[in-house]
Amino acid sequence: MSFQLVLELLPSTLADGLILGLLYATIALGYTMVYGVLGLINFAHSEIFMVGAFVAVELLTYVLAGSPLHPVIQLVLAMIVAAAVSAALAGLAERVAYRPLRRSNAPKLAPLITAIGISLFLQDAVRFVESLFGQFIRPFPSMPFFDIPLPLTPNDSVPMKSLVILIVAGAMLAGLRYTVTHTRLGKAIRAVATDRMAASLMGIDVNRIVMLTFVIGGALAGVAGTLYALQFGRVDPFSGFIPGLKAFTAAVLGGIGSIPGAMVGGIVLGLIEMLIGTFVPILTNNAIGTEYKDIFAFGILILILIFKPTGLLGRPSTEKV
């Protein structure tokens, strides 16, 4: 592989890695918030993300199609509805499934198994409902505006949707960071994450804060699902599994329970994936194809966790969120 070829491919590879990493980071925020407050790995989060993607695609396909509204406004409307539905779904799961387990002091494995059960239920429910109206694989509607090329280098460009994802994901990450660190709700979330009993004695409604944590995480998942469908052009009932697994990995890589850690972990994982997926097949003359990129990515993750078990930004401190 010539050095000139590396220089030609590197800018677009880094740009694609950054976009992929931001998608992982937006999904990872839901994992890290719930884990920070409850110490629970909410595996149902990936399916709530998938439901959000479906809601956005269906809305853009059957409600907003042919609308005179600008494509960006249509996308924003789809994201708002997807966020609302995903937030309601996450709040419902907390109220119906997780809260009774907390009240009964169920074993720690019980919420984990419940999360897996909710995840499988949502997969099959969406597949059943979508199958009633045809195939359950739904393409993202054609919106040429998001494919307009933006020059990255004199010889390369990225589509408009990459810029949209960059702006929306960046705003989400910054907004959540501000909410957690500078608002009363954020202080209450951090208090509950640090010590639920002490927070309750100080007058904080712990159940309400836990519910709001799930709702915020669900809303972020709805927006992330919309961005995912925009980037990859389709959605199906199993679309949440691999991105959810990668996002969980990103949260662990960055330091689960840490919002900056989720951001850094997602971006690092996205960059590693794209760099390996682009250059390893070229270096090996396609003996090792792009499909093996996950092996290298997870291998690097394991090495990092061996030498720094708390993740890149994780600390064994009392402040988790």
# chains A, B, ... in the order shown; residues from 1 in each chain; ligands from 1
$ closest_atom_pairs --of "region 201-252 of chain A" --to "region 146-161 of chain A" --cutoff "9 Å" --atoms "only C-alpha atoms" --output "tab-separated table"
residue	atom	partner	partner_atom	distance
A:Leu227	CA	A:Lys161	CA	8.7
A:Leu230	CA	A:Lys161	CA	7.3
A:Gln231	CA	A:Lys161	CA	6.9
$ residues_around --residues "Leu64 (chain A)" --least-positions-apart "6" --cutoff "12 Å" --atoms "only C-alpha atoms" --output "PyMOL selection string"
chain A and resi 56-58+70-78+141-143
$ write_last_selection --atoms "C-alpha atoms" --output "compact mmCIF listing (two decimals), in the first residue's frame"
# COMPACT_ATOMS: atom_id res chain seq x y z
CA ALA A 56 -39.08 8.03 12.25
CA VAL A 57 -38.99 5.99 9.02
CA GLU A 58 -42.75 5.35 9.06
CA HIS A 70 -37.79 21.43 3.92
CA PRO A 71 -36.17 17.98 4.38
CA VAL A 72 -34.34 19.19 7.50
CA ILE A 73 -37.63 20.26 9.10
CA GLN A 74 -39.18 16.91 8.17
CA LEU A 75 -36.25 15.13 9.78
CA VAL A 76 -36.50 17.26 12.92
CA LEU A 77 -40.23 16.50 13.21
CA ALA A 78 -39.52 12.78 12.78
CA PRO A 141 -37.34 7.31 2.21
CA SER A 142 -35.43 8.93 -0.62
CA MET A 143 -34.42 12.49 0.39
$ closest_residue --among "A:Met274, A:Val223, A:Ala287, A:Ile282" --to "Ala171 (chain A)" --atoms "only C-alpha atoms"
A:Val223
$ residues_around --residues "region 37-45 of chain A" --least-positions-apart "4" --cutoff "8 Å" --atoms "only C-alpha atoms" --output "PyMOL selection string"
chain A and resi 30-31+33+49+90+111-112+115-119+189-190+192-194+210+213+218+221+244+320-321
$ closest_residue --among "A:Pro237, A:Gly299, A:Pro139, A:Pro260" --to "Arg127 (chain A)" --atoms "only C-alpha atoms"
A:Pro237
$ closest_residue --among "A:Thr114, A:Val34, A:Ala87, A:Leu301" --to "Ile209 (chain A)" --atoms "only C-alpha atoms"
A:Val34
$ closest_residue --among "A:Val280, A:Val6, A:Ala53, A:Leu245" --to "Phe140 (chain A)" --atoms "only C-alpha atoms"
A:Ala53
$ select_by_dssp --residues "region 87-265 of chain A" --states "strand (DSSP E)" --output "count of residues only"
13
$ residues_around --residues "Leu271 (chain A)" --least-positions-apart "6" --cutoff "9 Å" --atoms "only C-alpha atoms" --output "list in words"
Thr13, Leu14, Ala15, Asp16, Gly17, Leu18, Ile19, Leu20 and Gly21 of chain A
$ write_last_selection --atoms "N, CA and C atoms" --output "tab-separated table (two decimals), in the first residue's frame"
chain	number	residue	atom	x	y	z
A	13	THR	N	-11.93	8.40	5.62
A	13	THR	CA	-12.02	7.33	6.63
A	13	THR	C	-12.20	7.91	8.02
A	14	LEU	N	-11.44	8.95	8.34
A	14	LEU	CA	-11.59	9.59	9.66
A	14	LEU	C	-12.96	10.24	9.80
A	15	ALA	N	-13.44	10.86	8.72
A	15	ALA	CA	-14.77	11.49	8.77
A	15	ALA	C	-15.85	10.44	9.01
A	16	ASP	N	-15.78	9.32	8.27
A	16	ASP	CA	-16.75	8.24	8.47
A	16	ASP	C	-16.64	7.65	9.87
A	17	GLY	N	-15.42	7.51	10.37
A	17	GLY	CA	-15.23	6.98	11.72
A	17	GLY	C	-15.81	7.89	12.78
A	18	LEU	N	-15.64	9.20	12.58
A	18	LEU	CA	-16.20	10.16	13.54
A	18	LEU	C	-17.73	10.10	13.55
A	19	ILE	N	-18.35	10.01	12.38
A	19	ILE	CA	-19.81	9.93	12.30
A	19	ILE	C	-20.31	8.64	12.96
A	20	LEU	N	-19.65	7.53	12.64
A	20	LEU	CA	-20.04	6.25	13.25
A	20	LEU	C	-19.86	6.30	14.76
A	21	GLY	N	-18.75	6.89	15.20
A	21	GLY	CA	-18.49	7.00	16.62
A	21	GLY	C	-19.52	7.85	17.35
$ select_by_dssp --residues "region 108-305 of chain A" --states "alpha helix (DSSP H)" --output "MDAnalysis selection string"
chainID A and resid 109:132 160:182 184:194 196:201 206:232 241:254 259:283 293:305
$ closest_residue --among "A:Thr61, A:Thr249, A:Thr179, A:Ser258" --to "Phe298 (chain A)" --atoms "only C-alpha atoms"
A:Thr249
$ closest_residue --among "A:Leu312, A:Ser46, A:Asp236, A:Asn286" --to "Ala28 (chain A)" --atoms "only C-alpha atoms"
A:Ser46
$ residues_around --residues "Ala191 (chain A)" --least-positions-apart "4" --cutoff "12 Å" --atoms "only C-alpha atoms" --output "count of residues only"
27
$ atom_distance --atom1 "CA of Gly222 (chain A)" --atom2 "CA of Ile80 (chain A)"
8.2 Å
$ residues_around --residues "Gly266 (chain A)" --least-positions-apart "4" --cutoff "8 Å" --atoms "only C-alpha atoms" --output "JSON, numbers by chain"
{"A": [21, 22, 23, 24, 25, 28, 247, 250, 251, 254, 262, 270]}
$ write_last_selection --atoms "all heavy atoms" --output "CSV table (one decimal), in the first residue's frame"
chain,number,residue,atom,x,y,z
A,21,GLY,N,-18.8,6.9,15.2
A,21,GLY,CA,-18.5,7.0,16.6
A,21,GLY,C,-19.5,7.8,17.3
A,21,GLY,O,-19.9,7.5,18.5
A,22,LEU,N,-20.0,8.9,16.7
A,22,LEU,CA,-21.0,9.8,17.3
A,22,LEU,C,-22.3,9.0,17.5
A,22,LEU,O,-23.0,9.2,18.4
A,22,LEU,CB,-21.2,11.1,16.5
A,22,LEU,CG,-20.0,12.1,16.7
A,22,LEU,CD1,-20.2,13.2,15.7
A,22,LEU,CD2,-20.0,12.6,18.1
A,23,LEU,N,-22.6,8.2,16.5
A,23,LEU,CA,-23.8,7.4,16.6
A,23,LEU,C,-23.7,6.4,17.7
A,23,LEU,O,-24.7,6.3,18.5
A,23,LEU,CB,-24.1,6.6,15.3
A,23,LEU,CG,-24.6,7.4,14.1
A,23,LEU,CD1,-24.6,6.5,12.8
A,23,LEU,CD2,-26.0,8.0,14.3
A,24,TYR,N,-22.6,5.8,17.9
A,24,TYR,CA,-22.4,4.9,19.0
A,24,TYR,C,-22.5,5.7,20.3
A,24,TYR,O,-23.1,5.2,21.3
A,24,TYR,CB,-21.0,4.2,18.9
A,24,TYR,CG,-20.9,3.2,17.9
A,24,TYR,CD1,-19.6,2.9,17.3
A,24,TYR,CD2,-22.0,2.5,17.4
A,24,TYR,CE1,-19.5,1.9,16.3
A,24,TYR,CE2,-21.8,1.5,16.4
A,24,TYR,CZ,-20.6,1.2,15.9
A,24,TYR,OH,-20.4,0.3,14.9
A,25,ALA,N,-21.9,6.8,20.4
A,25,ALA,CA,-21.9,7.6,21.6
A,25,ALA,C,-23.3,8.0,22.0
A,25,ALA,O,-23.7,8.0,23.2
A,25,ALA,CB,-21.1,8.9,21.4
A,28,ALA,N,-24.9,5.0,23.4
A,28,ALA,CA,-24.2,4.7,24.7
A,28,ALA,C,-24.7,5.5,25.9
A,28,ALA,O,-24.6,5.1,27.0
A,28,ALA,CB,-22.7,4.8,24.5
A,247,ALA,N,-22.5,0.1,21.1
A,247,ALA,CA,-22.7,1.2,22.0
A,247,ALA,C,-22.4,0.8,23.4
A,247,ALA,O,-21.7,1.6,24.2
A,247,ALA,CB,-24.1,1.8,21.9
A,250,ALA,N,-18.8,0.7,23.7
A,250,ALA,CA,-18.3,2.1,23.8
A,250,ALA,C,-18.4,2.6,25.2
A,250,ALA,O,-17.5,3.3,25.7
A,250,ALA,CB,-19.0,3.0,22.8
A,251,ALA,N,-19.5,2.4,25.8
A,251,ALA,CA,-19.7,2.9,27.2
A,251,ALA,C,-18.7,2.2,28.1
A,251,ALA,O,-18.2,2.9,29.0
A,251,ALA,CB,-21.2,2.6,27.6
A,254,GLY,N,-15.2,3.7,27.4
A,254,GLY,CA,-15.0,5.0,27.9
A,254,GLY,C,-15.0,5.1,29.4
A,254,GLY,O,-14.5,6.0,30.0
A,262,ALA,N,-18.7,7.9,27.7
A,262,ALA,CA,-19.5,7.4,26.6
A,262,ALA,C,-19.2,8.1,25.3
A,262,ALA,O,-19.1,7.5,24.2
A,262,ALA,CB,-21.0,7.5,26.9
A,270,GLY,N,-15.6,4.0,16.9
A,270,GLY,CA,-16.0,4.3,15.5
A,270,GLY,C,-14.7,4.5,14.7
A,270,GLY,O,-14.6,4.0,13.6
$ decode --residues "region 3-133 of chain A" --atoms "C-alpha atoms" --output "CSV table (one decimal), in the first residue's frame"
chain,number,residue,atom,x,y,z
A,3,PHE,CA,1.8,6.2,1.3
A,4,GLN,CA,0.0,8.3,-1.3
A,5,LEU,CA,-3.0,5.9,-1.2
A,6,VAL,CA,-3.1,6.3,2.6
A,7,LEU,CA,-3.2,10.0,2.3
A,8,GLU,CA,-6.0,9.9,-0.2
A,9,LEU,CA,-8.2,7.6,1.9
A,10,LEU,CA,-7.4,8.9,5.4
A,11,PRO,CA,-9.6,12.1,5.5
A,12,SER,CA,-12.8,10.3,4.4
A,13,THR,CA,-12.0,7.3,6.6
A,14,LEU,CA,-11.6,9.6,9.7
A,15,ALA,CA,-14.8,11.5,8.8
A,16,ASP,CA,-16.8,8.2,8.5
A,17,GLY,CA,-15.2,7.0,11.7
A,18,LEU,CA,-16.2,10.2,13.5
A,19,ILE,CA,-19.8,9.9,12.3
A,20,LEU,CA,-20.0,6.2,13.2
A,21,GLY,CA,-18.5,7.0,16.6
A,22,LEU,CA,-21.0,9.8,17.3
A,23,LEU,CA,-23.8,7.4,16.6
A,24,TYR,CA,-22.4,4.9,19.0
A,25,ALA,CA,-21.9,7.6,21.6
A,26,THR,CA,-25.6,8.8,21.4
A,27,ILE,CA,-26.8,5.3,21.9
A,28,ALA,CA,-24.2,4.7,24.7
A,29,LEU,CA,-25.6,7.6,26.7
A,30,GLY,CA,-28.7,5.7,27.5
A,31,TYR,CA,-26.7,2.7,28.8
A,32,THR,CA,-24.4,4.8,30.8
A,33,MET,CA,-27.1,7.0,32.4
A,34,VAL,CA,-29.2,4.0,33.6
A,35,TYR,CA,-26.1,2.2,34.8
A,36,GLY,CA,-24.9,5.3,36.6
A,37,VAL,CA,-28.1,5.6,38.6
A,38,LEU,CA,-29.2,2.0,39.1
A,39,GLY,CA,-26.1,-0.1,38.3
A,40,LEU,CA,-28.3,-1.8,35.8
A,41,ILE,CA,-27.3,-2.8,32.3
A,42,ASN,CA,-30.5,-2.1,30.4
A,43,PHE,CA,-30.2,-4.3,27.3
A,44,ALA,CA,-33.7,-3.3,26.3
A,45,HIS,CA,-32.2,0.1,25.4
A,46,SER,CA,-31.0,-1.2,22.0
A,47,GLU,CA,-34.6,-2.2,21.1
A,48,ILE,CA,-36.0,1.1,22.2
A,49,PHE,CA,-33.5,2.7,19.9
A,50,MET,CA,-34.8,0.4,17.1
A,51,VAL,CA,-38.4,1.4,17.8
A,52,GLY,CA,-37.4,5.0,17.5
A,53,ALA,CA,-35.8,4.3,14.1
A,54,PHE,CA,-39.0,2.6,12.9
A,55,VAL,CA,-41.2,5.5,14.1
A,56,ALA,CA,-39.1,8.0,12.3
A,57,VAL,CA,-39.0,6.0,9.0
A,58,GLU,CA,-42.7,5.3,9.1
A,59,LEU,CA,-43.5,9.0,9.7
A,60,LEU,CA,-41.2,10.2,6.9
A,61,THR,CA,-42.6,7.6,4.5
A,62,TYR,CA,-46.4,7.8,5.2
A,63,VAL,CA,-47.0,11.2,6.8
A,64,LEU,CA,-44.4,13.6,5.7
A,65,ALA,CA,-43.8,12.2,2.2
A,66,GLY,CA,-44.6,14.8,-0.4
A,67,SER,CA,-44.8,17.6,2.2
A,68,PRO,CA,-43.7,21.0,1.1
A,69,LEU,CA,-41.6,21.3,4.3
A,70,HIS,CA,-37.8,21.4,3.9
A,71,PRO,CA,-36.2,18.0,4.4
A,72,VAL,CA,-34.3,19.2,7.5
A,73,ILE,CA,-37.6,20.3,9.1
A,74,GLN,CA,-39.2,16.9,8.2
A,75,LEU,CA,-36.2,15.1,9.8
A,76,VAL,CA,-36.5,17.3,12.9
A,77,LEU,CA,-40.2,16.5,13.2
A,78,ALA,CA,-39.5,12.8,12.8
A,79,MET,CA,-36.8,13.0,15.5
A,80,ILE,CA,-39.2,14.7,17.9
A,81,VAL,CA,-41.9,12.1,17.5
A,82,ALA,CA,-39.4,9.2,17.6
A,83,ALA,CA,-37.9,10.7,20.8
A,84,ALA,CA,-41.4,11.0,22.4
A,85,VAL,CA,-42.4,7.5,21.6
A,86,SER,CA,-39.0,6.0,22.7
A,87,ALA,CA,-39.1,8.1,25.9
A,88,ALA,CA,-42.6,6.9,26.7
A,89,LEU,CA,-41.6,3.3,26.0
A,90,ALA,CA,-38.5,3.5,28.2
A,91,GLY,CA,-40.6,5.2,31.0
A,92,LEU,CA,-43.2,2.4,30.7
A,93,ALA,CA,-40.6,-0.3,31.0
A,94,GLU,CA,-39.2,1.3,34.1
A,95,ARG,CA,-42.6,1.7,35.7
A,96,VAL,CA,-44.0,-1.8,34.8
A,97,ALA,CA,-40.9,-4.0,34.8
A,98,TYR,CA,-38.0,-2.5,36.8
A,99,ARG,CA,-39.6,-0.6,39.6
A,100,PRO,CA,-41.5,-3.6,41.1
A,101,LEU,CA,-38.2,-5.5,41.1
A,102,ARG,CA,-36.5,-2.7,43.0
A,103,ARG,CA,-39.3,-2.5,45.6
A,104,SER,CA,-39.1,-6.3,46.2
A,105,ASN,CA,-35.3,-6.2,46.5
A,106,ALA,CA,-35.1,-8.8,43.8
A,107,PRO,CA,-31.7,-10.4,43.1
A,108,LYS,CA,-29.4,-8.4,40.9
A,109,LEU,CA,-29.8,-10.9,38.0
A,110,ALA,CA,-33.6,-10.4,37.9
A,111,PRO,CA,-33.5,-6.9,36.3
A,112,LEU,CA,-30.8,-8.1,33.8
A,113,ILE,CA,-33.0,-11.0,32.7
A,114,THR,CA,-36.0,-8.7,32.6
A,115,ALA,CA,-34.2,-6.4,30.3
A,116,ILE,CA,-33.3,-9.3,28.0
A,117,GLY,CA,-37.0,-10.3,28.0
A,118,ILE,CA,-38.2,-6.8,27.1
A,119,SER,CA,-35.6,-6.7,24.4
A,120,LEU,CA,-36.9,-9.9,22.8
A,121,PHE,CA,-40.5,-8.9,23.3
A,122,LEU,CA,-39.9,-5.6,21.4
A,123,GLN,CA,-38.1,-7.3,18.6
A,124,ASP,CA,-41.0,-9.8,18.0
A,125,ALA,CA,-43.7,-7.2,18.6
A,126,VAL,CA,-42.2,-4.8,15.9
A,127,ARG,CA,-41.7,-7.7,13.5
A,128,PHE,CA,-45.3,-8.9,13.9
A,129,VAL,CA,-46.8,-5.4,13.5
A,130,GLU,CA,-44.7,-4.5,10.5
A,131,SER,CA,-45.3,-7.9,8.9
A,132,LEU,CA,-49.0,-7.1,8.9
A,133,PHE,CA,-48.4,-4.3,6.5
